[in-house]
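Before any comments, here is the structure.
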Amino acid sequence: MQLLEDRIRRDGKIAPGDVLRVDSFINHQMDIQLMSRLAEEFRRRFADTPVDKVLTIEASGIAIAALVAQQFGVPLVFAKKSKTSNIPDTVYSCPVRSYTHGNVNTILVSRDYLHAGERVLLIDDFLAHGEALRGLIDVVEQAGGTVVGAGILVEKAYQPGGADIRARGVRVESLARVASMDADAGTVEFIPD
């Protein structure tokens with residue numbers, strides 16, 4: 001999506017460790033007008049898909065997922081990365097490695113919020129190695145639901161996650177697909193839509 005690619009070129013920053021920082025407009029400070037346009041684009045791309053729930057993982061995916069859920073008129077559920085006192089013992093869970101944080105979290109979703117037969121759209125801000133999406137897919141399958149697709153703001157297409165998730169038969173719609181990044185030049189190249 002040209003709108004997002006242009007914004008990444010203008011305001012994105014490449015940090016050490018092959019990190020694309022979009023925190024000034026997507027996942028720390030948020031440009032809500034931009035995020036609303038991105039949610040509308042996900043609604044357009046998945047218009048042919050019945051959706052009962054939107055599912056994401058905390059924390060950076062929650063904002064865009066909430067706006068997408070609003071577009072579809074369905075509830076948003078987010079997987080928590082740690083057990084809190086307000087989560088019952090009856091949960092779906094899956095370990096998920098975070099390359100950004102360098103650790104493994106066991107994501108949790110209460111069995112009260114995902115059910116057999118539900119059609120679930122996964123939404124997240126980034127897709128690189130695919131660990132978060134694999135964990136969310138596992139949780140939906142544990143619940144007996146169906147993953148109808150995955151909407152991603154930024155996919156690092158040169159990393160294996162997107163190809164792996166697509167090979168599993170999941171429809172992945174990424175609004176910006178990064179082909180390469182050059183930290184020295186500060187440039188990002190995209191795969192054309």
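By order in the structure tokens, chains are A, B, ...; within a chain, residues start at 1; ligands start at 1, following the order shown.
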Taking 5 positions as the minimum chain separation for residues in the same chain, which residues sit within 8 Å of A:Val140 when counting only C-alpha atoms? Answer as a PyMOL selection string.
chain A and resi 114+120+145-147
Based on DSSP run over this structure's backbone, return all residues of stretch 54-190 of chain A in strand (DSSP E or B), as an MDAnalysis selection string.
chainID A and resid 54:57 76:80 91:98 103:110 119:127 146:156 172:182 187:190
Set the distance at 8 Å and use only C-alpha atoms: which residues neighbour A:Ile14 once local chain neighbours fewer than 4 positions away are removed? I'd like the list as a CSV table (one decimal) with N, CA and C atoms, in the first residue's frame.
chain,number,residue,atom,x,y,z
A,18,ASP,N,18.8,-5.3,12.4
A,18,ASP,CA,17.8,-5.4,11.4
A,18,ASP,C,16.4,-5.1,11.8
A,19,VAL,N,16.3,-4.0,12.6
A,19,VAL,CA,15.1,-3.6,13.2
A,19,VAL,C,14.6,-2.3,12.4
A,20,LEU,N,13.3,-2.4,11.9
A,20,LEU,CA,12.7,-1.3,11.3
A,20,LEU,C,11.8,-0.6,12.3
A,21,ARG,N,12.2,0.6,12.7
A,21,ARG,CA,11.5,1.3,13.7
A,21,ARG,C,10.4,2.2,13.1
A,181,MET,N,16.5,-3.7,3.5
A,181,MET,CA,16.8,-2.5,4.2
A,181,MET,C,18.3,-2.3,4.2
A,182,ASP,N,18.7,-1.0,4.1
A,182,ASP,CA,20.2,-0.7,4.1
A,182,ASP,C,20.4,0.3,5.3
A,183,ALA,N,20.9,-0.2,6.4
A,183,ALA,CA,21.1,0.7,7.5
A,183,ALA,C,22.0,1.8,7.3
A,186,GLY,N,20.2,4.2,5.1
A,186,GLY,CA,18.9,4.5,5.7
A,186,GLY,C,17.7,4.3,4.8
A,187,THR,N,17.8,3.3,3.9
A,187,THR,CA,16.8,3.1,2.9
A,187,THR,C,16.1,1.8,3.1
Which of A:Leu55, A:Leu108, A:Ile191, A:Ile152 sits closest to A:Val172 [using only C-alpha atoms]:
A:Ile152
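Considering the residues A:Lys13, A:Met1, A:Asp125, A:Val22 and counting only C-alpha atoms, A:Arg37 has its shortest atom-to-atom contact with A:Met1.
For A:Ser98, the set of protein, DNA and RNA residues having any atom at most 10 Å away, when counting only C-alpha atoms and skipping those fewer than 2 positions along the same chain, is Pro95, Val96, Thr100, His101, Gly102, Asn103, Val104, Asn105, His129, Gly130, Glu131 and Ala132 of chain A.
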Would you write out those residues with N, CA and C atoms, as a compact mmCIF listing (two decimals), in the first residue's frame?
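The resulting file, again-v2.txt, is shown below:
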# COMPACT_ATOMS: atom_id res chain seq x y z
N PRO A 95 3.63 -21.40 23.55
CA PRO A 95 4.88 -20.63 23.69
C PRO A 95 5.21 -19.93 22.37
N VAL A 96 5.65 -18.68 22.46
CA VAL A 96 6.00 -17.88 21.29
C VAL A 96 7.33 -17.19 21.54
N THR A 100 12.38 -9.79 18.79
CA THR A 100 12.59 -8.41 19.21
C THR A 100 13.06 -8.34 20.66
N HIS A 101 12.42 -9.14 21.52
CA HIS A 101 12.75 -9.10 22.95
C HIS A 101 13.75 -10.18 23.35
N GLY A 102 13.98 -11.15 22.48
CA GLY A 102 14.95 -12.19 22.78
C GLY A 102 14.52 -13.15 23.87
N ASN A 103 13.21 -13.42 23.95
CA ASN A 103 12.72 -14.34 24.98
C ASN A 103 11.55 -15.15 24.44
N VAL A 104 11.04 -16.04 25.28
CA VAL A 104 9.87 -16.83 24.93
C VAL A 104 8.77 -16.49 25.92
N ASN A 105 7.59 -16.15 25.38
CA ASN A 105 6.41 -15.89 26.19
C ASN A 105 5.38 -16.97 25.91
N HIS A 129 9.77 -13.49 11.32
CA HIS A 129 10.03 -14.94 11.43
C HIS A 129 8.73 -15.74 11.55
N GLY A 130 7.63 -15.09 11.88
CA GLY A 130 6.33 -15.75 11.91
C GLY A 130 5.95 -16.40 13.21
N GLU A 131 6.75 -16.23 14.24
CA GLU A 131 6.48 -16.90 15.51
C GLU A 131 5.14 -16.48 16.12
N ALA A 132 4.86 -15.19 16.14
CA ALA A 132 3.61 -14.71 16.74
C ALA A 132 2.40 -15.27 15.99
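From atom CA of A:Ala65 back to atom CA of A:Ile123, the distance works out to 5.5 Å.
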What's the 9 Å shell around stretch 156-161 of chain A, counting only C-alpha atoms, without same-chain residues fewer than 6 positions away, as an NGL selection string?
:A and (126-131 or 133-134 or 176-180 or 190-191)
Might you pull out every residue within 12 Å of A:Gly73, with only C-alpha atoms counted and same-chain residues fewer than 6 positions away left off, and present them as a list in words?
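Everything that qualifies: Arg43, Pro50, Val51, Asp52, Lys53, Val54, Ala65, Ala66 and Leu67 of chain A.
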Per DSSP on the backbone, filter chain A down to the residues in helix (DSSP H, G or I) and report them as a ChimeraX atom specification.
/A:2-11,23-27,32-45,62-72,131-143,161-167
Using C-alpha atoms, can you export the residues from the last selection as an mmCIF file, in the first residue's frame?
data_model
loop_
_atom_site.group_PDB
_atom_site.id
_atom_site.type_symbol
_atom_site.label_atom_id
_atom_site.label_comp_id
_atom_site.auth_asym_id
_atom_site.auth_seq_id
_atom_site.Cartn_x
_atom_site.Cartn_y
_atom_site.Cartn_z
ATOM 1 C CA GLN A 2 1.656 3.146 -1.214
ATOM 2 C CA LEU A 3 0.409 5.279 1.691
ATOM 3 C CA LEU A 4 2.173 3.080 4.257
ATOM 4 C CA GLU A 5 5.317 2.596 2.158
ATOM 5 C CA ASP A 6 5.675 6.370 1.732
ATOM 6 C CA ARG A 7 5.274 6.923 5.464
ATOM 7 C CA ILE A 8 7.891 4.256 6.250
ATOM 8 C CA ARG A 9 10.312 5.873 3.799
ATOM 9 C CA ARG A 10 9.717 9.272 5.375
ATOM 10 C CA ASP A 11 9.552 8.471 9.099
ATOM 11 C CA ASP A 23 7.358 3.698 16.568
ATOM 12 C CA SER A 24 6.723 7.356 15.718
ATOM 13 C CA PHE A 25 3.512 6.498 13.863
ATOM 14 C CA ILE A 26 2.463 2.847 14.435
ATOM 15 C CA ASN A 27 3.487 1.220 17.694
ATOM 16 C CA ILE A 32 -4.706 7.435 14.274
ATOM 17 C CA GLN A 33 -5.765 8.887 10.919
ATOM 18 C CA LEU A 34 -3.154 6.712 9.195
ATOM 19 C CA MET A 35 -4.106 3.674 11.270
ATOM 20 C CA SER A 36 -7.772 4.199 10.395
ATOM 21 C CA ARG A 37 -6.918 4.237 6.668
ATOM 22 C CA LEU A 38 -4.888 1.031 7.116
ATOM 23 C CA ALA A 39 -7.819 -0.638 8.912
ATOM 24 C CA GLU A 40 -10.105 0.369 6.038
ATOM 25 C CA GLU A 41 -7.655 -1.255 3.622
ATOM 26 C CA PHE A 42 -7.757 -4.509 5.597
ATOM 27 C CA ARG A 43 -11.565 -4.353 5.476
ATOM 28 C CA ARG A 44 -11.379 -3.909 1.696
ATOM 29 C CA ARG A 45 -8.894 -6.764 1.249
ATOM 30 C CA ILE A 62 -3.730 -4.066 19.591
ATOM 31 C CA ALA A 63 -4.278 -0.607 18.081
ATOM 32 C CA ILE A 64 -4.548 -1.706 14.455
ATOM 33 C CA ALA A 65 -6.488 -4.835 15.443
ATOM 34 C CA ALA A 66 -9.041 -2.726 17.361
ATOM 35 C CA LEU A 67 -9.596 -0.522 14.332
ATOM 36 C CA VAL A 68 -9.944 -3.574 12.066
ATOM 37 C CA ALA A 69 -12.436 -5.173 14.466
ATOM 38 C CA GLN A 70 -14.404 -1.931 14.377
ATOM 39 C CA GLN A 71 -14.414 -2.064 10.564
ATOM 40 C CA PHE A 72 -15.867 -5.588 10.653
ATOM 41 C CA GLU A 131 6.481 -16.905 15.513
ATOM 42 C CA ALA A 132 3.608 -14.714 16.739
ATOM 43 C CA LEU A 133 1.326 -15.769 13.880
ATOM 44 C CA ARG A 134 2.163 -19.448 14.384
ATOM 45 C CA GLY A 135 1.241 -19.074 18.054
ATOM 46 C CA LEU A 136 -2.035 -17.332 17.250
ATOM 47 C CA ILE A 137 -2.899 -19.977 14.653
ATOM 48 C CA ASP A 138 -2.229 -22.683 17.261
ATOM 49 C CA VAL A 139 -4.517 -20.963 19.778
ATOM 50 C CA VAL A 140 -7.352 -20.675 17.225
ATOM 51 C CA GLU A 141 -6.937 -24.350 16.311
ATOM 52 C CA GLN A 142 -7.002 -25.344 19.997
ATOM 53 C CA ALA A 143 -10.358 -23.541 20.243
ATOM 54 C CA GLY A 161 7.790 -15.987 8.319
ATOM 55 C CA GLY A 162 5.495 -14.900 5.499
ATOM 56 C CA ALA A 163 6.451 -17.761 3.187
ATOM 57 C CA ASP A 164 6.040 -20.253 6.054
ATOM 58 C CA ILE A 165 2.581 -19.008 7.038
ATOM 59 C CA ARG A 166 1.429 -18.935 3.406
ATOM 60 C CA ALA A 167 2.761 -22.487 2.923
#
Rounded to one decimal place, report the atom CA of A:Phe78-atom CA of A:Pro16 distance in Å.
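Computing it gives 28.9 Å between the two atoms.
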Separation of atom CA of A:Val77 and atom CA of A:Ser60, in Å?
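Going from atom CA of A:Val77 over to atom CA of A:Ser60, I get 13.5 Å.
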